[in-house]
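Colleague: Before we start, here is the structure in question, set down as structure tokens.
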Amino acid sequence: MNKQICWMYLKAFLKILITSILIVLFYPVLRDGEPAMAITMCCTMGVAALIYIISGILTIKNGAKQAKKYIREYPNGAEVLNAEYDNAEKFGGLKIGEKHIFVNSSNGFYILPLERIQKAYVLHHGENRAKLRPGYYYLYISVIISDLSKIIKVYYISKKEANAALTQLLAKCNLQEKNE
């Protein structure tokens, strides 16, 4: 579990570092280039750089906040949860254990008890047959965290893994299947 959390922080740091390096590398092009090219690059790359830098900072700031709090509050927290994590079944960025799911999503690492899951479903985005782009499958999990309902999105999961994870979650949580 600690490796996943460290990997999440490393990816966030790399987002910030690579974006900063690209800004430094493209600065001479913006300064010495044509005004139209400079404006176009500032508008496109500036927005993308801002999104990546903010995403990296927020992940570093809040990435494992829920998981660390849950580990502190859970009886015999770290030992029991690490053992369950090691024995959990892996589906992309999701591991399903006996009592918990361990989610490595885009904005953090979550440890969620199965009884708090309200619903789970798979959505397919980004398909474009004209461009031969198959798209991506995302597993959405609606869960109650600290008396708030939150939807967590599990990224980069194949269709087979998404459906297998959904079936496993539905069986363990006694939920009705919802296709959207």
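Identifiers in this document derive from the order of the structure tokens: chains are assigned A, B, ..., residues are numbered from 1 separately in each chain, and ligands are numbered from 1 in order of occurrence.
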Can you tell me, as a list in words, what residues are no more than 10 Å from Tyr155 (chain A) when counting only C-alpha atoms, ignoring any on the same chain fewer than 6 positions away?
Modeller: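 Residues meeting the cut-off are Gly92, Gly93, Leu94, Val103, Asn104, Ser105, Ser106, Tyr136, Tyr137, Tyr138, Leu139, Tyr140 and Ala162 of chain A.
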Colleague: Let's see if you can do this: from backbone DSSP, list all strand (DSSP E or B) residues in region 46-123 of chain A, as a PyMOL selection string.
Modeller: chain A and resi 89-91+94-96+100-105+108-113+117-123
Colleague: Write out as a list in words each polymer residue whose atoms come within 12 Å of Tyr27 (chain A), counting only C-alpha atoms; drop sequence neighbours fewer than 6 positions from it.
Modeller: Ser20, Ile21, Gly33, Ala38, Met41, Cys42, Met45 and Gly46 of chain A
Colleague: Just the selected residues (C-alpha atoms), exported as a compact mmCIF listing (two decimals), in the first residue's frame, please.
Modeller:
# COMPACT_ATOMS: atom_id res chain seq x y z
CA SER A 20 7.95 23.39 -15.52
CA ILE A 21 10.74 22.10 -17.79
CA GLY A 33 8.97 34.00 -32.15
CA ALA A 38 3.42 33.21 -29.23
CA MET A 41 1.23 28.71 -27.74
CA CYS A 42 0.43 30.76 -24.64
CA MET A 45 0.13 25.38 -23.56
CA GLY A 46 -0.57 27.89 -20.82
Colleague: DSSP on the backbone: which residues in region 83-158 of chain A end up as helix (DSSP H, G or I)? Give the answer as a ChimeraX atom specification.
Modeller: /A:83-87,114-116,129-131
Colleague: What does the distance between CA of Tyr9 (chain A) and CA of Gly56 (chain A) come to in Å, to one decimal place?
Modeller: 8.4 Å
Colleague: Which of these, A:Gln66, A:Asn163, A:Asn2, A:Asn82, has the shortest distance to Tyr121 (chain A) once you count only C-alpha atoms?
Modeller: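 Of the candidates, the smallest distance to Tyr121 (chain A) is held by A:Asn163.
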Colleague: Under the rule that only C-alpha atoms are counted, which of A:Asp32, A:Gly135, A:Leu22, A:Lys172 is the nearest residue to Leu50 (chain A)?
Modeller: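 Selected residue with least distance to Leu50 (chain A): A:Leu22.
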Colleague: Calculate how many Å separate CA of Ala78 (chain A) from CA of Gly97 (chain A), rounding to one decimal.
Modeller: 14.6 Å
Colleague: What does the distance from CA of Ile60 (chain A) to CA of Lys11 (chain A) come to in Å, to one decimal?
Modeller: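 CA of Lys11 (chain A) lies at a distance of 9.4 Å from CA of Ile60 (chain A).
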Colleague: Determine, counting only C-alpha atoms, which protein, DNA and RNA residues have an atom within 8 Å of an atom of region 67-77 of chain A; residues of the same chain fewer than 2 positions away are not included. Present the result as an MDAnalysis selection string.
Modeller: chainID A and resid 64:65 79:81 109:111
Colleague: Using only N, CA, C and O atoms, please write the residues we just selected to a file, as a PDB file, in the first residue's frame.
Modeller:
ATOM      1  N   ALA A  64      -3.170  11.400  -0.196  1.00  0.00           N
ATOM      2  CA  ALA A  64      -3.409  10.245   0.672  1.00  0.00           C
ATOM      3  C   ALA A  64      -4.060  10.662   1.983  1.00  0.00           C
ATOM      4  O   ALA A  64      -4.011   9.919   2.961  1.00  0.00           O
ATOM      5  N   LYS A  65      -4.674  11.812   2.000  1.00  0.00           N
ATOM      6  CA  LYS A  65      -5.275  12.346   3.219  1.00  0.00           C
ATOM      7  C   LYS A  65      -6.341  11.395   3.778  1.00  0.00           C
ATOM      8  O   LYS A  65      -6.309  11.043   4.949  1.00  0.00           O
ATOM      9  N   GLU A  79      -1.253  -2.688   9.944  1.00  0.00           N
ATOM     10  CA  GLU A  79      -0.973  -4.121   9.751  1.00  0.00           C
ATOM     11  C   GLU A  79      -2.141  -4.839   9.077  1.00  0.00           C
ATOM     12  O   GLU A  79      -1.953  -5.594   8.125  1.00  0.00           O
ATOM     13  N   VAL A  80      -3.343  -4.614   9.583  1.00  0.00           N
ATOM     14  CA  VAL A  80      -4.527  -5.298   9.048  1.00  0.00           C
ATOM     15  C   VAL A  80      -4.794  -4.865   7.611  1.00  0.00           C
ATOM     16  O   VAL A  80      -5.044  -5.696   6.738  1.00  0.00           O
ATOM     17  N   LEU A  81      -4.730  -3.565   7.355  1.00  0.00           N
ATOM     18  CA  LEU A  81      -5.024  -3.060   6.012  1.00  0.00           C
ATOM     19  C   LEU A  81      -3.946  -3.448   5.008  1.00  0.00           C
ATOM     20  O   LEU A  81      -4.252  -3.757   3.849  1.00  0.00           O
ATOM     21  N   PHE A 109      -5.286   8.427  -3.282  1.00  0.00           N
ATOM     22  CA  PHE A 109      -5.372   7.018  -2.933  1.00  0.00           C
ATOM     23  C   PHE A 109      -6.418   6.897  -1.835  1.00  0.00           C
ATOM     24  O   PHE A 109      -6.353   7.591  -0.832  1.00  0.00           O
ATOM     25  N   TYR A 110      -7.407   6.038  -2.050  1.00  0.00           N
ATOM     26  CA  TYR A 110      -8.516   5.889  -1.113  1.00  0.00           C
ATOM     27  C   TYR A 110      -8.587   4.466  -0.581  1.00  0.00           C
ATOM     28  O   TYR A 110      -8.368   3.506  -1.325  1.00  0.00           O
ATOM     29  N   ILE A 111      -8.944   4.344   0.691  1.00  0.00           N
ATOM     30  CA  ILE A 111      -9.280   3.069   1.300  1.00  0.00           C
ATOM     31  C   ILE A 111     -10.741   3.202   1.709  1.00  0.00           C
ATOM     32  O   ILE A 111     -11.086   4.034   2.542  1.00  0.00           O
TER      33      ILE A 111
END
Colleague: For Ile117 (chain A), work out the shell of residues within 9 Å, counting only C-alpha atoms and skipping chain neighbours fewer than 4 positions away, then give it as a list in words.
Modeller: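 The filter keeps Leu112, Pro113, Ile141, Ser142, Val143, Ile144, Leu169, Cys173 and Leu175 of chain A.
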Colleague: Put those residues in a file: N, CA, C and O atoms, as a short mmCIF file (atom, residue, chain, number, x, y, z; two decimals), in the first residue's frame.
Modeller:
data_model
loop_
_atom_site.label_atom_id
_atom_site.label_comp_id
_atom_site.auth_asym_id
_atom_site.auth_seq_id
_atom_site.Cartn_x
_atom_site.Cartn_y
_atom_site.Cartn_z
N LEU A 112 -11.59 2.38 1.11
CA LEU A 112 -13.03 2.53 1.32
C LEU A 112 -13.63 1.22 1.80
O LEU A 112 -13.43 0.17 1.19
N PRO A 113 -14.40 1.26 2.89
CA PRO A 113 -15.08 0.05 3.34
C PRO A 113 -16.20 -0.32 2.36
O PRO A 113 -16.89 0.55 1.84
N ILE A 141 -17.27 4.87 -8.70
CA ILE A 141 -17.74 4.31 -7.44
C ILE A 141 -18.30 5.45 -6.62
O ILE A 141 -17.59 6.41 -6.31
N SER A 142 -19.57 5.34 -6.26
CA SER A 142 -20.20 6.33 -5.39
C SER A 142 -20.14 5.80 -3.97
O SER A 142 -20.61 4.70 -3.68
N VAL A 143 -19.56 6.59 -3.07
CA VAL A 143 -19.30 6.13 -1.72
C VAL A 143 -19.56 7.26 -0.73
O VAL A 143 -19.49 8.44 -1.09
N ILE A 144 -19.87 6.90 0.51
CA ILE A 144 -20.05 7.90 1.56
C ILE A 144 -18.74 7.98 2.35
O ILE A 144 -18.30 7.01 2.93
N LEU A 169 -17.52 -6.02 -7.35
CA LEU A 169 -18.05 -5.03 -6.41
C LEU A 169 -19.53 -5.23 -6.15
O LEU A 169 -19.99 -5.15 -5.01
N CYS A 173 -20.94 -6.07 -2.45
CA CYS A 173 -21.71 -5.01 -1.80
C CYS A 173 -23.22 -5.23 -1.88
O CYS A 173 -23.98 -4.41 -1.37
N LEU A 175 -25.21 -4.81 -4.45
CA LEU A 175 -25.79 -3.67 -5.16
C LEU A 175 -26.47 -4.12 -6.44
O LEU A 175 -26.14 -5.17 -6.98
#
Colleague: Which residue out of A:Leu170, A:Ala83, A:Ala12, A:Cys43 has the minimum interatomic distance to Thr59 (chain A) when only C-alpha atoms are used?
Modeller: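 Going through A:Leu170, A:Ala83, A:Ala12, A:Cys43 one by one, the smallest distance to Thr59 (chain A) is for A:Ala12.
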Colleague: Determine the nearest neighbour of Asp86 (chain A) from the options A:Cys6, A:Val154, A:Ile101, A:Ala165, counting only C-alpha atoms.
Modeller: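 Selected residue with least distance to Asp86 (chain A): A:Ile101.
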